[in-house]
Amino acid sequence: MYAHIIKTHILELAQNAFHWNNIIRSYLRLDYPYMALRVYVLMTRAGVSPDSYTLPIVLKAVTLDFAVKWVWKIHSVAIVNGLESNEFCESGLISLYGKAGELDNARKVFDQNPDRNLGSWNAIIGSFARGGHAKEAIDMFLELQKCGLEPDDVTMVSVVSACGSYGDLDFALQLHKCVIQAETNGKSDMLMLSSLVDMYGKCGRMDLANRVFARMRQRSVSTWTSLIMGYAAHGHVKEALECFRCMREEGVRPNYVTFVAVLTACVHGGLVEKGRLYFDMMEKGYGIIPKMQHFGAMVDLLGRAGLLDEAREMVEGMPMDANVVIWGCLLGACEKHGNVKMGEWVAKHLQELEPWNSGIYVVLSNIYAGACMWEDAQRIRQVMKEKKVGKSPGYSSTSNS
């Protein structure tokens with residue numbers, strides 16, 4: 001289709017970027033980002049230089065899957081054509097570097113222009129927040145306020161999200177005051193309040209999360225899910241499952257994240273039968289194919305309950321390879337319930353994935369010691385010394401399971 005359009009209007013297109021921009025924009029509006037990028041490539045091959053409108057459109061077309069591949073190309077074109085300091089290009093480049101996980105480069109683009117607009121601030125704050133750098137996002141928000149710029153609802157949603165991850169309740173309360181003072185309406189209002197529910201849930205203040213939730217005129221699936229996850233993560237199992245029941249009664253269709261939250265509640269409550277029920281409901285009732293997180297929750301639930309054979313069957317029956325978190329949960333369950341044979345089997349798989357992880361050896365040694373197999377326990381300790389696998393203070397998938 002795009003080839004036909006371009007061939008039909010090739011003479012017009014060859015003249016300037018205006019017509020190319022229109023076609024790229026049209027594909028983007030029709031939700032064909034890949035086609036929009038294809039037209040942009042043809043534009044450059046035709047020798048037409050992009051103008052100040054082209055790159056912002058193209059930047060919007062780059063999806064997460066292609067961010068790493070495209071960010072350097074577009075940045076180079078922006079530099080060559082003197083568009084790097086264009087306010088829309090700048091914010092788009094910052095966001096794209098954020099999508100690509102290259103936050104240092106996102107910060108470099110941000111720092112190059114002393115005359116930053118709110119769009120650039122929002123892009124860098126959002127990039128840090130989405131990238132899991134909550135403190136940096138909050139610090140940038142504080143810098144924004146020092147510059148005298150007024151944050152908008154986009155700013156607040158990002159920083160509220162970051163605050164939830166950071167867990168600073170005092171700052172969360174300050175942000176809530178800012179949100180109350182801000183002028184928000186429509187979808188922005190719902191998104192803002194939903195972010196507050198998520199923030200208070202992560203901070204463990206379910207009373208405040210529920211208070212904000214009760215004020216909302218409309219509640220999206222993400223809002224319900226945030227409330228359920230908040231209850232589940234802090235051990236309020238009954239409230240989490242009751243919230244899930246109310247959600248379904250109101251006709252809100254749960255998504256895969258909702259079921260992660262529900263299964264998390266079952267794990268914390270040791271509710272094996274309910275966990276099985278919800279796991280089956282996910283696919284049979286809502287057509288949601290289980291993902292790694294769902295299998296992980298079920299393996300954890302079954303393992304904690306001592307149903308190790310069933311947990312093993314679930315791992316072996318997964319349509320994807322189990323990750324270290326799932327194997328770690330199962331190894332932790334083997335330690336808890338003293339299953340030496342399965343512990344050896346699980347440890348072997350974990351060592352293939354993370355041979356440097358000292359936690360694997362420590363837990364396996366503990367399993368042997370718990371079974372009074374002292375020689376085997378000592379042998380594992382000796383292997384650690386020979387392989388120079390030291391006890392590190394960092395990540396250990398097994399010891400945290």
# chains A, B, ... in the order shown; residues from 1 in each chain; ligands from 1
$ select_by_dssp --residues "region 51-292 of chain A" --states "alpha helix (DSSP H)" --output "ChimeraX atom specification"
/A:54-61,67-80,87-99,103-112,118-130,134-146,153-166,169-181,186-203,206-215,221-233,237-249,256-269,272-286,292
$ residues_around --residues "Leu169 (chain A)" --least-positions-apart "2" --cutoff "8 Å" --atoms "only C-alpha atoms" --output "PyMOL selection string"
chain A and resi 167+171-173+200+203
$ write_last_selection --atoms "N, CA and C atoms" --output "mmCIF file, in the first residue's frame"
data_model
loop_
_atom_site.group_PDB
_atom_site.id
_atom_site.type_symbol
_atom_site.label_atom_id
_atom_site.label_comp_id
_atom_site.auth_asym_id
_atom_site.auth_seq_id
_atom_site.Cartn_x
_atom_site.Cartn_y
_atom_site.Cartn_z
ATOM 1 N N GLY A 167 9.437 4.411 47.914
ATOM 2 C CA GLY A 167 8.893 4.103 49.232
ATOM 3 C C GLY A 167 9.034 5.207 50.259
ATOM 4 N N PHE A 171 7.508 12.096 51.344
ATOM 5 C CA PHE A 171 7.488 12.749 50.040
ATOM 6 C C PHE A 171 6.193 12.427 49.304
ATOM 7 N N ALA A 172 5.684 11.218 49.504
ATOM 8 C CA ALA A 172 4.419 10.822 48.875
ATOM 9 C C ALA A 172 3.286 11.738 49.323
ATOM 10 N N LEU A 173 3.269 12.061 50.609
ATOM 11 C CA LEU A 173 2.228 12.949 51.133
ATOM 12 C C LEU A 173 2.361 14.352 50.551
ATOM 13 N N TYR A 200 0.590 4.810 47.061
ATOM 14 C CA TYR A 200 0.297 4.494 48.457
ATOM 15 C C TYR A 200 0.333 2.989 48.710
ATOM 16 N N CYS A 203 3.852 2.032 49.131
ATOM 17 C CA CYS A 203 4.377 2.546 50.399
ATOM 18 C C CYS A 203 3.763 1.835 51.606
#
$ closest_residue --among "A:Asp104, A:His176, A:Leu241, A:Leu42" --to "Ala209 (chain A)" --atoms "only C-alpha atoms"
A:His176
$ residues_around --residues "Asn255 (chain A)" --least-positions-apart "6" --cutoff "10 Å" --atoms "only C-alpha atoms" --output "count of residues only"
7
$ closest_residue --among "A:Arg130, A:Lys336, A:His349, A:Lys146" --to "Ala305 (chain A)" --atoms "only C-alpha atoms"
A:Lys336
$ closest_residue --among "A:Val252, A:Leu227, A:Leu142, A:Met206" --to "Ala240 (chain A)" --atoms "only C-alpha atoms"
A:Leu227
$ atom_distance --atom1 "CA of Ile360 (chain A)" --atom2 "CA of Leu330 (chain A)"
11.4 Å
$ residues_around --residues "Gln112 (chain A)" --least-positions-apart "3" --cutoff "10 Å" --atoms "only C-alpha atoms" --output "PyMOL selection string"
chain A and resi 84-85+90+107-109+115-116
$ residues_around --residues "Lys202 (chain A)" --least-positions-apart "4" --cutoff "9 Å" --atoms "only C-alpha atoms" --output "list in words"
Cys163, Gly164, Ser165, Tyr166, Gly167, Val197, Asp198, Met206, Ser226, Met229, Gly230, Ala233 and His234 of chain A
$ write_last_selection --atoms "N, CA and C atoms" --output "CSV table (one decimal), in the first residue's frame"
chain,number,residue,atom,x,y,z
A,163,CYS,N,7.9,7.7,43.2
A,163,CYS,CA,7.9,7.8,44.6
A,163,CYS,C,7.4,6.5,45.2
A,164,GLY,N,6.4,5.9,44.5
A,164,GLY,CA,5.9,4.6,45.0
A,164,GLY,C,7.0,3.5,45.0
A,165,SER,N,7.9,3.5,44.0
A,165,SER,CA,9.0,2.6,43.9
A,165,SER,C,10.0,2.9,45.0
A,166,TYR,N,10.2,4.2,45.3
A,166,TYR,CA,11.2,4.6,46.3
A,166,TYR,C,10.8,4.4,47.7
A,167,GLY,N,9.4,4.4,47.9
A,167,GLY,CA,8.9,4.1,49.2
A,167,GLY,C,9.0,5.2,50.3
A,197,VAL,N,-3.0,5.8,43.9
A,197,VAL,CA,-3.4,4.5,44.5
A,197,VAL,C,-2.2,3.5,44.5
A,198,ASP,N,-1.5,3.5,43.3
A,198,ASP,CA,-0.3,2.7,43.2
A,198,ASP,C,0.8,3.1,44.1
A,206,MET,N,-2.3,1.4,52.8
A,206,MET,CA,-3.5,0.9,52.2
A,206,MET,C,-4.7,1.7,52.6
A,226,SER,N,-3.8,-2.1,40.9
A,226,SER,CA,-2.9,-1.4,41.9
A,226,SER,C,-3.3,-1.6,43.3
A,229,MET,N,-2.8,-5.3,44.2
A,229,MET,CA,-1.4,-5.6,44.4
A,229,MET,C,-0.9,-5.0,45.7
A,230,GLY,N,-1.4,-3.8,46.1
A,230,GLY,CA,-1.0,-3.2,47.3
A,230,GLY,C,-1.4,-4.0,48.5
A,233,ALA,N,0.7,-7.4,48.4
A,233,ALA,CA,2.1,-7.3,48.7
A,233,ALA,C,2.4,-7.1,50.2
A,234,HIS,N,1.4,-6.6,50.9
A,234,HIS,CA,1.6,-6.3,52.3
A,234,HIS,C,0.8,-7.3,53.2
$ decode --residues "region 14-89 of chain A" --atoms "C-alpha atoms" --output "CSV table (one decimal), in the first residue's frame"
chain,number,residue,atom,x,y,z
A,14,ALA,CA,10.7,14.5,-4.4
A,15,GLN,CA,10.2,18.3,-3.9
A,16,ASN,CA,10.3,18.6,-0.1
A,17,ALA,CA,9.8,17.0,3.2
A,18,PHE,CA,6.2,18.2,3.6
A,19,HIS,CA,4.5,15.4,1.6
A,20,TRP,CA,6.8,12.8,3.2
A,21,ASN,CA,5.8,14.0,6.6
A,22,ASN,CA,2.1,13.7,5.8
A,23,ILE,CA,2.5,10.1,4.7
A,24,ILE,CA,4.6,9.2,7.8
A,25,ARG,CA,2.1,10.9,10.1
A,26,SER,CA,-0.8,9.1,8.4
A,27,TYR,CA,0.7,5.7,9.0
A,28,LEU,CA,1.3,6.7,12.6
A,29,ARG,CA,-2.3,7.8,13.1
A,30,LEU,CA,-3.5,4.5,11.6
A,31,ASP,CA,-1.3,2.7,14.2
A,32,TYR,CA,1.2,1.4,11.6
A,33,PRO,CA,4.5,2.5,13.2
A,34,TYR,CA,6.6,0.1,11.3
A,35,MET,CA,5.2,1.4,8.0
A,36,ALA,CA,5.8,4.9,9.1
A,37,LEU,CA,9.5,4.0,9.6
A,38,ARG,CA,9.7,2.3,6.2
A,39,VAL,CA,8.5,5.5,4.6
A,40,TYR,CA,11.1,7.5,6.5
A,41,VAL,CA,13.8,5.2,5.2
A,42,LEU,CA,12.6,5.7,1.6
A,43,MET,CA,12.6,9.4,2.2
A,44,THR,CA,16.2,9.4,3.3
A,45,ARG,CA,17.1,7.2,0.3
A,46,ALA,CA,15.4,9.7,-2.0
A,47,GLY,CA,17.8,12.3,-0.7
A,48,VAL,CA,15.2,14.4,1.0
A,49,SER,CA,16.4,16.0,4.2
A,50,PRO,CA,14.1,15.9,7.2
A,51,ASP,CA,12.8,19.1,8.6
A,52,SER,CA,11.9,20.1,12.2
A,53,TYR,CA,8.6,18.3,11.8
A,54,THR,CA,9.9,15.0,10.5
A,55,LEU,CA,12.0,13.7,13.3
A,56,PRO,CA,9.5,14.3,16.1
A,57,ILE,CA,7.0,12.2,14.1
A,58,VAL,CA,9.5,9.5,13.4
A,59,LEU,CA,10.5,9.4,17.1
A,60,LYS,CA,6.9,8.7,18.1
A,61,ALA,CA,6.9,5.8,15.6
A,62,VAL,CA,9.8,4.0,17.2
A,63,THR,CA,8.4,1.2,19.4
A,64,LEU,CA,10.2,-0.3,22.4
A,65,ASP,CA,11.3,-3.3,20.4
A,66,PHE,CA,13.2,-1.1,17.9
A,67,ALA,CA,14.4,1.6,20.3
A,68,VAL,CA,18.0,0.4,20.5
A,69,LYS,CA,18.3,0.0,16.7
A,70,TRP,CA,16.9,3.4,15.8
A,71,VAL,CA,18.0,5.9,18.6
A,72,TRP,CA,21.5,6.3,17.3
A,73,LYS,CA,20.4,6.6,13.7
A,74,ILE,CA,17.8,9.4,14.4
A,75,HIS,CA,20.2,11.2,16.8
A,76,SER,CA,22.9,11.3,14.1
A,77,VAL,CA,20.4,12.7,11.5
A,78,ALA,CA,19.3,15.3,14.1
A,79,ILE,CA,22.9,16.4,14.6
A,80,VAL,CA,23.7,16.5,10.8
A,81,ASN,CA,20.5,18.6,10.1
A,82,GLY,CA,20.9,20.9,13.1
A,83,LEU,CA,17.8,19.7,14.7
A,84,GLU,CA,19.2,18.3,18.0
A,85,SER,CA,18.2,21.4,20.0
A,86,ASN,CA,14.7,21.5,18.5
A,87,GLU,CA,12.4,21.2,21.5
A,88,PHE,CA,10.3,18.4,20.1
A,89,CYS,CA,13.4,16.5,18.8
